[in-house]
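Heads up, the thing below is written out as structure tokens.
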2 protein chains.
Amino acid sequence: MRTPQTVGILGGMGPAAGADFVRLFVEACAVLLRARGQAVGDQAFPEHWLAQVPVPDRSEAIESAQLGAHQPLEPMLQALGRLAALGSRAVAIACNTAHAWHETLQQRFPQIEVLHVAREVAAHLAARGVQGAALMATEGTYRIGLYEQAMARAGIACHLPREDERRLLMRGIYEGVKAGDRALARSCFSRVALQLAQRHGPVAIVMGCTEIPLGLQGADEVERLDLLDPAQVLASALASRAYHLGAAP
Amino acid sequence: MRTPQTVGILGGMGPAAGADFVRLFVEACAVLLRARGQAVGDQAFPEHWLAQVPVPDRSEAIESAQLGAHQPLEPMLQALGRLAALGSRAVAIACNTAHAWHETLQQRFPQIEVLHVAREVAAHLAARGVQGAALMATEGTYRIGLYEQAMARAGIACHLPREDERRLLMRGIYEGVKAGDRALARSCFSRVALQLAQRHGPVAIVMGCTEIPLGLQGADEVERLDLLDPAQVLASALASRAYHLGAAP
């Protein structure tokens with residue numbers, strides 16, 4: 001068996017989502033090991049590093065578009081540089097909105113692969129034969145058209161929530177998960193998910209912000225929906241890279 | 001508010017436990033922030049790094065006592081050195097058995113504080129007024145007397161499982177959690193926990209291996225026991241250090 005590659009996770013956006021991403025990555029590695037008939041044990045996992053650094057609010061920075069201290073790029077570049085110095089060959093960003101800076105991050109560190117969550121999700125949906133998906137995300141992610149572009153390229157229709165539903169999502173993310181109020185998060189997110197499913201029929205619903213799956217954990221009311229966690233798709237993609245299996249989609 | 005200190009987590013032993021430790025640390029930070037009346041948001045968390053590196057089996061190394069490639073010390077020293085280089089002022093080791101090498105790790109990096117899980121747990125139990133506790137752990141942890149010594153110093157009696165119960169624990173750890181079979185882990189761990197509670201009465205039961213709480217998650221049969229997760233105590237201690245609140249016990 002070839003020694004797995006070292007990989008990195010750029011987190012802190014928020015920290016709970018970063019921690020959960022490591023859990024998903026470890027699970028994805030175990031799935032890959034089993035699929036290849038290899039024993040799952042501590043020493044079979046790839047070396048991986050998680051950077052949880054304070055990064056100014058991503059959605060706010062996209063809204064205000066002012067340069068300076070509030071820009072999230074600087075701390076992300078620093079953390080990515082350190083992940084590269086630690087030997088990471090591929091890095092996943094555990095925040096959807098932060099992908100607004102993906103191109104710059106990738107350009108500055110051409111020696112490593114910076115995975116792109118929306119491209120991985122679009123490839124995953126296309127492989128499943130999905131033709132349409134609804135998107136739950138932050139204002140920042142809608143503003144930059146992160147998933148819309150990646151899905152359009154893969155021939156998948158992207159349905160967006162209404163103004164009032166977007167406000168509910170932002171409330172669940174900021175006053176809910178990020179502030180530690182999981183009950184509020186759950187009620188905001190499940191309401192929007194159910195409305196999207198009612199409006200668009202049996203489409204896949206992409207939980208395009210790492211805080212949303214955390215708020216919906218164990219929520220029976222959305223159990224029958226086809227909810228897709230991009231963090232899970234991204235974690236699998238990172239595991240593939242670590243075991244030399246992956247190629248960019 | 002003083003800028004929190006950067007802290008590190010030495011994980012990979014196993015990787016699932018390392019990921020779970022970050023979750024516990026993030027939760028402990030949120031608890032501290034709330035207790036101080038400060039808003040919980042992404043930017044309020046301390047910078048922290050998780051190193052998940054392959055480390056040879058700790059219990060095996062303690063049993064065989066042979067030097068060389070199988071020694072876990074070398075990769076732990078390398079990872080700790082990199083966590084120090086990243087700016088960590090305090091580091092927690094997310095593995096009980098690995099504390100066999102605590103003294104050497106601390107001596108090599110005197111500029112940082114390497115937290116000691118058993119000392120933190122003993123101080124926590126003493127603060128609660130507990131006089132006796134039962135210990136679920138690996139053979140390696142029993143062999144080095146990790147908790148027995150720390151508890152003796154704190155005036156707490158430490159009750160150990162019988163030979164056959166120890167074998168059950170090792171099975172739950174290696175064939176259960178580390179190999180991804182959570183059902184097996186749960187049955188092994190809960191049997192020993194219930195037997196300890198029956199034999200020693202209403203004592204605290206210390207889950208002195210990071211894999212044990214993972215295997216007992218959501219196990220109703222042990223719900224009434226006074227189970228203590230050292231990882232939770234250690235995560236709180238690390239959060240205290242990050243916010244300049246902690247002192248070694």
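Numbering starts fresh at 1 for the residues of each chain in the structure tokens, the chains themselves are lettered A, B, ... in the order given, and ligands are numbered from 1 as they appear.
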
Identify all chain B residues at most 10 Å from chain A by counting only C-alpha atoms; ligands do not count. Present them as a tab-separated table (two decimals) with N, CA and C atoms, in the first residue's frame.
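The result, stored in iface_20.tsv:
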chain	number	residue	atom	x	y	z
B	6	THR	N	-2.89	30.73	21.40
B	6	THR	CA	-3.00	29.60	20.48
B	6	THR	C	-2.70	28.31	21.26
B	8	GLY	N	-2.76	23.73	21.00
B	8	GLY	CA	-2.65	22.62	20.06
B	8	GLY	C	-3.24	21.34	20.62
B	9	ILE	N	-3.60	20.46	19.72
B	9	ILE	CA	-4.13	19.14	20.10
B	9	ILE	C	-3.32	18.09	19.35
B	11	GLY	N	-3.23	14.57	18.19
B	11	GLY	CA	-4.21	13.51	17.98
B	11	GLY	C	-3.72	12.42	17.06
B	12	GLY	N	-4.67	11.70	16.51
B	12	GLY	CA	-4.35	10.58	15.63
B	12	GLY	C	-4.31	9.25	16.36
B	13	MET	N	-4.65	9.29	17.66
B	13	MET	CA	-4.49	8.10	18.51
B	13	MET	C	-5.79	7.74	19.24
B	14	GLY	N	-6.88	7.27	18.59
B	14	GLY	CA	-7.05	7.23	17.18
B	14	GLY	C	-7.61	8.52	16.64
B	15	PRO	N	-7.71	8.57	15.31
B	15	PRO	CA	-8.18	9.79	14.64
B	15	PRO	C	-9.62	10.19	15.00
B	16	ALA	N	-10.50	9.19	15.23
B	16	ALA	CA	-11.89	9.53	15.59
B	16	ALA	C	-11.91	10.24	16.94
B	17	ALA	N	-11.07	9.77	17.86
B	17	ALA	CA	-10.99	10.41	19.17
B	17	ALA	C	-10.41	11.82	19.06
B	18	GLY	N	-9.44	12.00	18.17
B	18	GLY	CA	-8.86	13.32	17.95
B	18	GLY	C	-9.90	14.31	17.43
B	19	ALA	N	-10.69	13.85	16.46
B	19	ALA	CA	-11.76	14.70	15.91
B	19	ALA	C	-12.76	15.06	17.00
B	20	ASP	N	-13.12	14.08	17.81
B	20	ASP	CA	-14.08	14.32	18.88
B	20	ASP	C	-13.52	15.27	19.92
B	21	PHE	N	-12.21	15.22	20.13
B	21	PHE	CA	-11.60	16.12	21.11
B	21	PHE	C	-11.75	17.58	20.67
B	22	VAL	N	-11.61	17.83	19.36
B	22	VAL	CA	-11.78	19.21	18.88
B	22	VAL	C	-13.21	19.68	19.15
B	23	ARG	N	-14.19	18.78	18.92
B	23	ARG	CA	-15.58	19.13	19.21
B	23	ARG	C	-15.74	19.50	20.69
B	24	LEU	N	-15.17	18.69	21.58
B	24	LEU	CA	-15.26	18.97	23.01
B	24	LEU	C	-14.58	20.28	23.37
B	25	PHE	N	-13.45	20.55	22.73
B	25	PHE	CA	-12.71	21.79	23.00
B	25	PHE	C	-13.53	23.00	22.57
B	26	VAL	N	-14.13	22.94	21.38
B	26	VAL	CA	-14.94	24.06	20.88
B	26	VAL	C	-16.14	24.29	21.81
B	27	GLU	N	-16.75	23.20	22.27
B	27	GLU	CA	-17.88	23.33	23.22
B	27	GLU	C	-17.42	23.94	24.54
B	30	ALA	N	-17.05	27.63	24.19
B	30	ALA	CA	-18.35	28.31	24.19
B	30	ALA	C	-18.90	28.44	25.60
B	31	VAL	N	-18.72	27.37	26.41
B	31	VAL	CA	-19.17	27.41	27.81
B	31	VAL	C	-18.44	28.52	28.58
B	34	ARG	N	-19.63	32.03	27.47
B	34	ARG	CA	-20.94	32.36	28.05
B	34	ARG	C	-20.83	32.67	29.53
B	39	ALA	N	-20.03	37.26	23.91
B	39	ALA	CA	-20.77	36.72	22.78
B	39	ALA	C	-20.00	35.55	22.17
B	40	VAL	N	-20.73	34.49	21.80
B	40	VAL	CA	-20.12	33.33	21.14
B	40	VAL	C	-20.24	33.53	19.63
B	41	GLY	N	-19.11	33.69	18.98
B	41	GLY	CA	-19.09	33.85	17.53
B	41	GLY	C	-17.76	33.36	17.03
B	42	ASP	N	-17.67	33.11	15.73
B	42	ASP	CA	-16.44	32.51	15.17
B	42	ASP	C	-15.16	33.16	15.69
B	43	GLN	N	-15.17	34.51	15.75
B	43	GLN	CA	-13.93	35.23	16.03
B	43	GLN	C	-13.56	35.25	17.50
B	44	ALA	N	-14.46	34.74	18.37
B	44	ALA	CA	-14.20	34.73	19.81
B	44	ALA	C	-13.41	33.49	20.23
B	45	PHE	N	-13.24	32.54	19.30
B	45	PHE	CA	-12.55	31.30	19.64
B	45	PHE	C	-11.04	31.46	19.50
B	46	PRO	N	-10.28	30.76	20.33
B	46	PRO	CA	-8.82	30.82	20.21
B	46	PRO	C	-8.35	30.07	18.96
B	47	GLU	N	-7.26	30.55	18.38
B	47	GLU	CA	-6.63	29.78	17.30
B	47	GLU	C	-6.20	28.44	17.88
B	48	HIS	N	-6.54	27.35	17.17
B	48	HIS	CA	-6.08	26.04	17.63
B	48	HIS	C	-5.81	25.13	16.44
B	49	TRP	N	-4.85	24.24	16.65
B	49	TRP	CA	-4.38	23.34	15.60
B	49	TRP	C	-4.51	21.90	16.07
B	50	LEU	N	-4.97	21.07	15.17
B	50	LEU	CA	-5.05	19.64	15.46
B	50	LEU	C	-4.06	18.90	14.58
B	51	ALA	N	-3.16	18.15	15.20
B	51	ALA	CA	-2.23	17.29	14.45
B	51	ALA	C	-2.71	15.86	14.56
B	52	GLN	N	-3.06	15.26	13.44
B	52	GLN	CA	-3.43	13.84	13.46
B	52	GLN	C	-2.37	13.09	12.66
B	53	VAL	N	-1.43	12.51	13.38
B	53	VAL	CA	-0.31	11.83	12.74
B	53	VAL	C	-0.34	10.34	13.09
B	54	PRO	N	0.13	9.50	12.17
B	54	PRO	CA	0.17	8.06	12.49
B	54	PRO	C	1.20	7.81	13.59
B	55	VAL	N	0.77	7.17	14.66
B	55	VAL	CA	1.63	6.86	15.80
B	55	VAL	C	1.48	5.36	16.06
B	56	PRO	N	2.63	4.64	16.14
B	56	PRO	CA	2.55	3.20	16.44
B	56	PRO	C	1.74	2.95	17.71
B	57	ASP	N	1.17	1.78	17.82
B	57	ASP	CA	0.29	1.45	18.94
B	57	ASP	C	0.97	1.68	20.29
B	79	ALA	N	5.34	15.86	15.93
B	79	ALA	CA	4.08	16.59	15.85
B	79	ALA	C	4.02	17.69	16.90
B	82	ARG	N	6.01	20.63	15.85
B	82	ARG	CA	5.34	21.45	14.85
B	82	ARG	C	4.19	22.25	15.47
B	86	LEU	N	3.90	26.31	15.45
B	86	LEU	CA	2.70	27.02	15.00
B	86	LEU	C	2.24	28.04	16.03
B	174	TYR	N	-10.17	-2.13	20.32
B	174	TYR	CA	-9.47	-2.47	19.07
B	174	TYR	C	-10.40	-3.05	18.00
B	175	GLU	N	-11.20	-4.08	18.40
B	175	GLU	CA	-12.11	-4.68	17.40
B	175	GLU	C	-13.36	-3.83	17.26
B	177	VAL	N	-14.21	0.23	18.41
B	177	VAL	CA	-14.08	1.61	17.91
B	177	VAL	C	-13.01	1.76	16.82
B	178	LYS	N	-11.78	1.27	17.09
B	178	LYS	CA	-10.69	1.50	16.13
B	178	LYS	C	-10.96	0.81	14.80
B	179	ALA	N	-11.74	-0.27	14.81
B	179	ALA	CA	-12.04	-0.99	13.57
B	179	ALA	C	-13.40	-0.59	13.00
B	180	GLY	N	-14.06	0.36	13.67
B	180	GLY	CA	-15.32	0.88	13.13
B	180	GLY	C	-16.56	0.07	13.49

Taking the DSSP assignment computed from this structure's backbone, write out as a PyMOL selection string all residues of range 75-136 of chain B that belong to helix (DSSP H, G or I). chain B and resi 75-85+97-108+117-127

Distance CA of Pro75 in chain A-CA of Gln232 in chain B, one decimal place?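 Straight-line distance from CA of Pro75 in chain A to CA of Gln232 in chain B works out to 28.8 Å.
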
Which neighbours of Arg143 in chain A fall inside 10 Å, counting only C-alpha atoms, when residues of the same chain fewer than 6 positions from it are skipped, and could you give them as a ChimeraX atom specification? /A:59,62-63,97,100

Considering only C-alpha atoms, can you say which of B:Val130, B:Glu211, B:Glu120, B:Val203 comes closest to Asp181 in chain B?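 Going through B:Val130, B:Glu211, B:Glu120, B:Val203 one by one, the smallest distance to Asp181 in chain B is for B:Glu211.
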
When you look at Val206 in chain A with a cut-off of 10 Å (counting only C-alpha atoms), what residues show up, excluding the ones that are within fewer than 6 positions of it in the same chain? I need them as JSON, numbers by chain. {"A": [118, 121, 125, 133, 134, 135, 136, 137, 147, 158, 159, 193, 212, 213, 226, 227, 228, 229, 230]}

Could the residues in this selection be saved with N, CA, C and O atoms as a PDB file, in the first residue's frame?
ATOM      1  N   ALA A 118     -18.168  23.380  -4.245  1.00  0.00           N
ATOM      2  CA  ALA A 118     -19.327  23.375  -5.157  1.00  0.00           C
ATOM      3  C   ALA A 118     -19.059  22.499  -6.381  1.00  0.00           C
ATOM      4  O   ALA A 118     -19.954  21.828  -6.885  1.00  0.00           O
ATOM      5  N   VAL A 121     -19.529  18.959  -5.274  1.00  0.00           N
ATOM      6  CA  VAL A 121     -20.952  18.651  -5.107  1.00  0.00           C
ATOM      7  C   VAL A 121     -21.636  18.490  -6.462  1.00  0.00           C
ATOM      8  O   VAL A 121     -22.423  17.551  -6.671  1.00  0.00           O
ATOM      9  N   LEU A 125     -23.551  15.190  -7.722  1.00  0.00           N
ATOM     10  CA  LEU A 125     -24.954  15.181  -8.149  1.00  0.00           C
ATOM     11  C   LEU A 125     -25.073  14.666  -9.583  1.00  0.00           C
ATOM     12  O   LEU A 125     -25.972  13.882  -9.904  1.00  0.00           O
ATOM     13  N   ALA A 133     -31.544  20.797  -8.125  1.00  0.00           N
ATOM     14  CA  ALA A 133     -31.282  20.813  -6.689  1.00  0.00           C
ATOM     15  C   ALA A 133     -31.654  22.176  -6.126  1.00  0.00           C
ATOM     16  O   ALA A 133     -31.545  23.193  -6.824  1.00  0.00           O
ATOM     17  N   ALA A 134     -32.110  22.188  -4.874  1.00  0.00           N
ATOM     18  CA  ALA A 134     -32.394  23.454  -4.191  1.00  0.00           C
ATOM     19  C   ALA A 134     -31.223  23.764  -3.272  1.00  0.00           C
ATOM     20  O   ALA A 134     -30.570  22.856  -2.757  1.00  0.00           O
ATOM     21  N   LEU A 135     -30.969  25.044  -3.080  1.00  0.00           N
ATOM     22  CA  LEU A 135     -29.765  25.444  -2.350  1.00  0.00           C
ATOM     23  C   LEU A 135     -30.089  26.244  -1.094  1.00  0.00           C
ATOM     24  O   LEU A 135     -30.675  27.324  -1.166  1.00  0.00           O
ATOM     25  N   MET A 136     -29.685  25.713   0.057  1.00  0.00           N
ATOM     26  CA  MET A 136     -29.742  26.462   1.324  1.00  0.00           C
ATOM     27  C   MET A 136     -28.333  26.961   1.606  1.00  0.00           C
ATOM     28  O   MET A 136     -27.406  26.160   1.700  1.00  0.00           O
ATOM     29  N   ALA A 137     -28.194  28.281   1.782  1.00  0.00           N
ATOM     30  CA  ALA A 137     -26.836  28.819   1.954  1.00  0.00           C
ATOM     31  C   ALA A 137     -26.881  30.173   2.652  1.00  0.00           C
ATOM     32  O   ALA A 137     -27.948  30.650   3.044  1.00  0.00           O
ATOM     33  N   TYR A 147     -22.647  27.928  -5.994  1.00  0.00           N
ATOM     34  CA  TYR A 147     -23.208  26.662  -6.459  1.00  0.00           C
ATOM     35  C   TYR A 147     -23.885  26.804  -7.822  1.00  0.00           C
ATOM     36  O   TYR A 147     -23.866  25.872  -8.636  1.00  0.00           O
ATOM     37  N   CYS A 158     -30.493  24.928 -10.499  1.00  0.00           N
ATOM     38  CA  CYS A 158     -30.299  25.294  -9.095  1.00  0.00           C
ATOM     39  C   CYS A 158     -31.451  26.186  -8.628  1.00  0.00           C
ATOM     40  O   CYS A 158     -31.585  27.317  -9.078  1.00  0.00           O
ATOM     41  N   HIS A 159     -32.292  25.678  -7.737  1.00  0.00           N
ATOM     42  CA  HIS A 159     -33.431  26.435  -7.226  1.00  0.00           C
ATOM     43  C   HIS A 159     -33.039  27.184  -5.959  1.00  0.00           C
ATOM     44  O   HIS A 159     -32.493  26.587  -5.031  1.00  0.00           O
ATOM     45  N   ALA A 193     -36.279  24.132   4.556  1.00  0.00           N
ATOM     46  CA  ALA A 193     -36.094  22.873   3.812  1.00  0.00           C
ATOM     47  C   ALA A 193     -37.447  22.307   3.389  1.00  0.00           C
ATOM     48  O   ALA A 193     -37.623  21.885   2.235  1.00  0.00           O
ATOM     49  N   ILE A 212     -25.443  24.455   8.641  1.00  0.00           N
ATOM     50  CA  ILE A 212     -26.812  23.937   8.475  1.00  0.00           C
ATOM     51  C   ILE A 212     -26.946  22.465   8.895  1.00  0.00           C
ATOM     52  O   ILE A 212     -27.855  22.138   9.663  1.00  0.00           O
ATOM     53  N   PRO A 213     -26.069  21.562   8.449  1.00  0.00           N
ATOM     54  CA  PRO A 213     -26.198  20.174   8.916  1.00  0.00           C
ATOM     55  C   PRO A 213     -26.088  20.063  10.436  1.00  0.00           C
ATOM     56  O   PRO A 213     -26.769  19.245  11.051  1.00  0.00           O
ATOM     57  N   ASP A 226     -34.396  14.719   0.635  1.00  0.00           N
ATOM     58  CA  ASP A 226     -33.119  14.291   0.053  1.00  0.00           C
ATOM     59  C   ASP A 226     -32.070  15.366   0.337  1.00  0.00           C
ATOM     60  O   ASP A 226     -31.694  16.139  -0.542  1.00  0.00           O
ATOM     61  N   LEU A 227     -31.636  15.424   1.609  1.00  0.00           N
ATOM     62  CA  LEU A 227     -30.688  16.459   2.027  1.00  0.00           C
ATOM     63  C   LEU A 227     -29.259  16.027   1.721  1.00  0.00           C
ATOM     64  O   LEU A 227     -28.857  14.924   2.065  1.00  0.00           O
ATOM     65  N   LEU A 228     -28.501  16.901   1.083  1.00  0.00           N
ATOM     66  CA  LEU A 228     -27.102  16.586   0.763  1.00  0.00           C
ATOM     67  C   LEU A 228     -26.175  17.502   1.558  1.00  0.00           C
ATOM     68  O   LEU A 228     -26.340  18.729   1.556  1.00  0.00           O
ATOM     69  N   ASP A 229     -25.226  16.894   2.243  1.00  0.00           N
ATOM     70  CA  ASP A 229     -24.256  17.661   3.019  1.00  0.00           C
ATOM     71  C   ASP A 229     -22.973  17.820   2.204  1.00  0.00           C
ATOM     72  O   ASP A 229     -22.206  16.873   2.048  1.00  0.00           O
ATOM     73  N   PRO A 230     -22.711  19.024   1.691  1.00  0.00           N
ATOM     74  CA  PRO A 230     -21.497  19.242   0.898  1.00  0.00           C
ATOM     75  C   PRO A 230     -20.228  18.929   1.685  1.00  0.00           C
ATOM     76  O   PRO A 230     -19.227  18.509   1.084  1.00  0.00           O
TER      77      PRO A 230
END

What are the DSSP strand (DSSP E or B) residues of range 79-140 of chain A, as a ChimeraX atom specification? /A:90-93,113-114,132-136

Just write the chosen residues, N, CA, C and O atoms, as a JSON list (two decimals), in the first residue's frame.
[["chain", "number", "residue", "atom", "x", "y", "z"],
["A", 90, "ALA", "N", -3.10, 18.41, -0.45],
["A", 90, "ALA", "CA", -4.44, 18.88, -0.80],
["A", 90, "ALA", "C", -5.06, 19.47, 0.46],
["A", 90, "ALA", "O", -4.77, 19.03, 1.57],
["A", 91, "VAL", "N", -5.86, 20.52, 0.28],
["A", 91, "VAL", "CA", -6.50, 21.18, 1.43],
["A", 91, "VAL", "C", -7.98, 21.39, 1.12],
["A", 91, "VAL", "O", -8.35, 21.78, 0.01],
["A", 92, "ALA", "N", -8.83, 21.11, 2.10],
["A", 92, "ALA", "CA", -10.26, 21.40, 1.99],
["A", 92, "ALA", "C", -10.58, 22.60, 2.88],
["A", 92, "ALA", "O", -10.03, 22.72, 3.97],
["A", 93, "ILE", "N", -11.44, 23.48, 2.39],
["A", 93, "ILE", "CA", -11.87, 24.64, 3.17],
["A", 93, "ILE", "C", -13.22, 24.30, 3.79],
["A", 93, "ILE", "O", -14.20, 24.08, 3.07],
["A", 113, "GLU", "N", -3.27, 21.28, -4.00],
["A", 113, "GLU", "CA", -4.60, 21.39, -4.58],
["A", 113, "GLU", "C", -5.57, 21.90, -3.51],
["A", 113, "GLU", "O", -5.69, 21.30, -2.44],
["A", 114, "VAL", "N", -6.20, 23.03, -3.79],
["A", 114, "VAL", "CA", -7.25, 23.53, -2.89],
["A", 114, "VAL", "C", -8.57, 23.04, -3.46],
["A", 114, "VAL", "O", -9.00, 23.48, -4.54],
["A", 132, "GLY", "N", -31.95, 18.52, -10.87],
["A", 132, "GLY", "CA", -32.24, 19.79, -10.20],
["A", 132, "GLY", "C", -31.98, 19.69, -8.72],
["A", 132, "GLY", "O", -32.16, 18.63, -8.12],
["A", 133, "ALA", "N", -31.54, 20.80, -8.13],
["A", 133, "ALA", "CA", -31.28, 20.81, -6.69],
["A", 133, "ALA", "C", -31.65, 22.18, -6.13],
["A", 133, "ALA", "O", -31.55, 23.19, -6.82],
["A", 134, "ALA", "N", -32.11, 22.19, -4.87],
["A", 134, "ALA", "CA", -32.39, 23.45, -4.19],
["A", 134, "ALA", "C", -31.22, 23.76, -3.27],
["A", 134, "ALA", "O", -30.57, 22.86, -2.76],
["A", 135, "LEU", "N", -30.97, 25.04, -3.08],
["A", 135, "LEU", "CA", -29.77, 25.44, -2.35],
["A", 135, "LEU", "C", -30.09, 26.24, -1.09],
["A", 135, "LEU", "O", -30.68, 27.32, -1.17],
["A", 136, "MET", "N", -29.69, 25.71, 0.06],
["A", 136, "MET", "CA", -29.74, 26.46, 1.32],
["A", 136, "MET", "C", -28.33, 26.96, 1.61],
["A", 136, "MET", "O", -27.41, 26.16, 1.70]]

Do you have the CA of Arg2 in chain B-CA of Leu245 in chain B distance handy?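 Interatomic distance, CA of Arg2 in chain B to CA of Leu245 in chain B: 11.0 Å.
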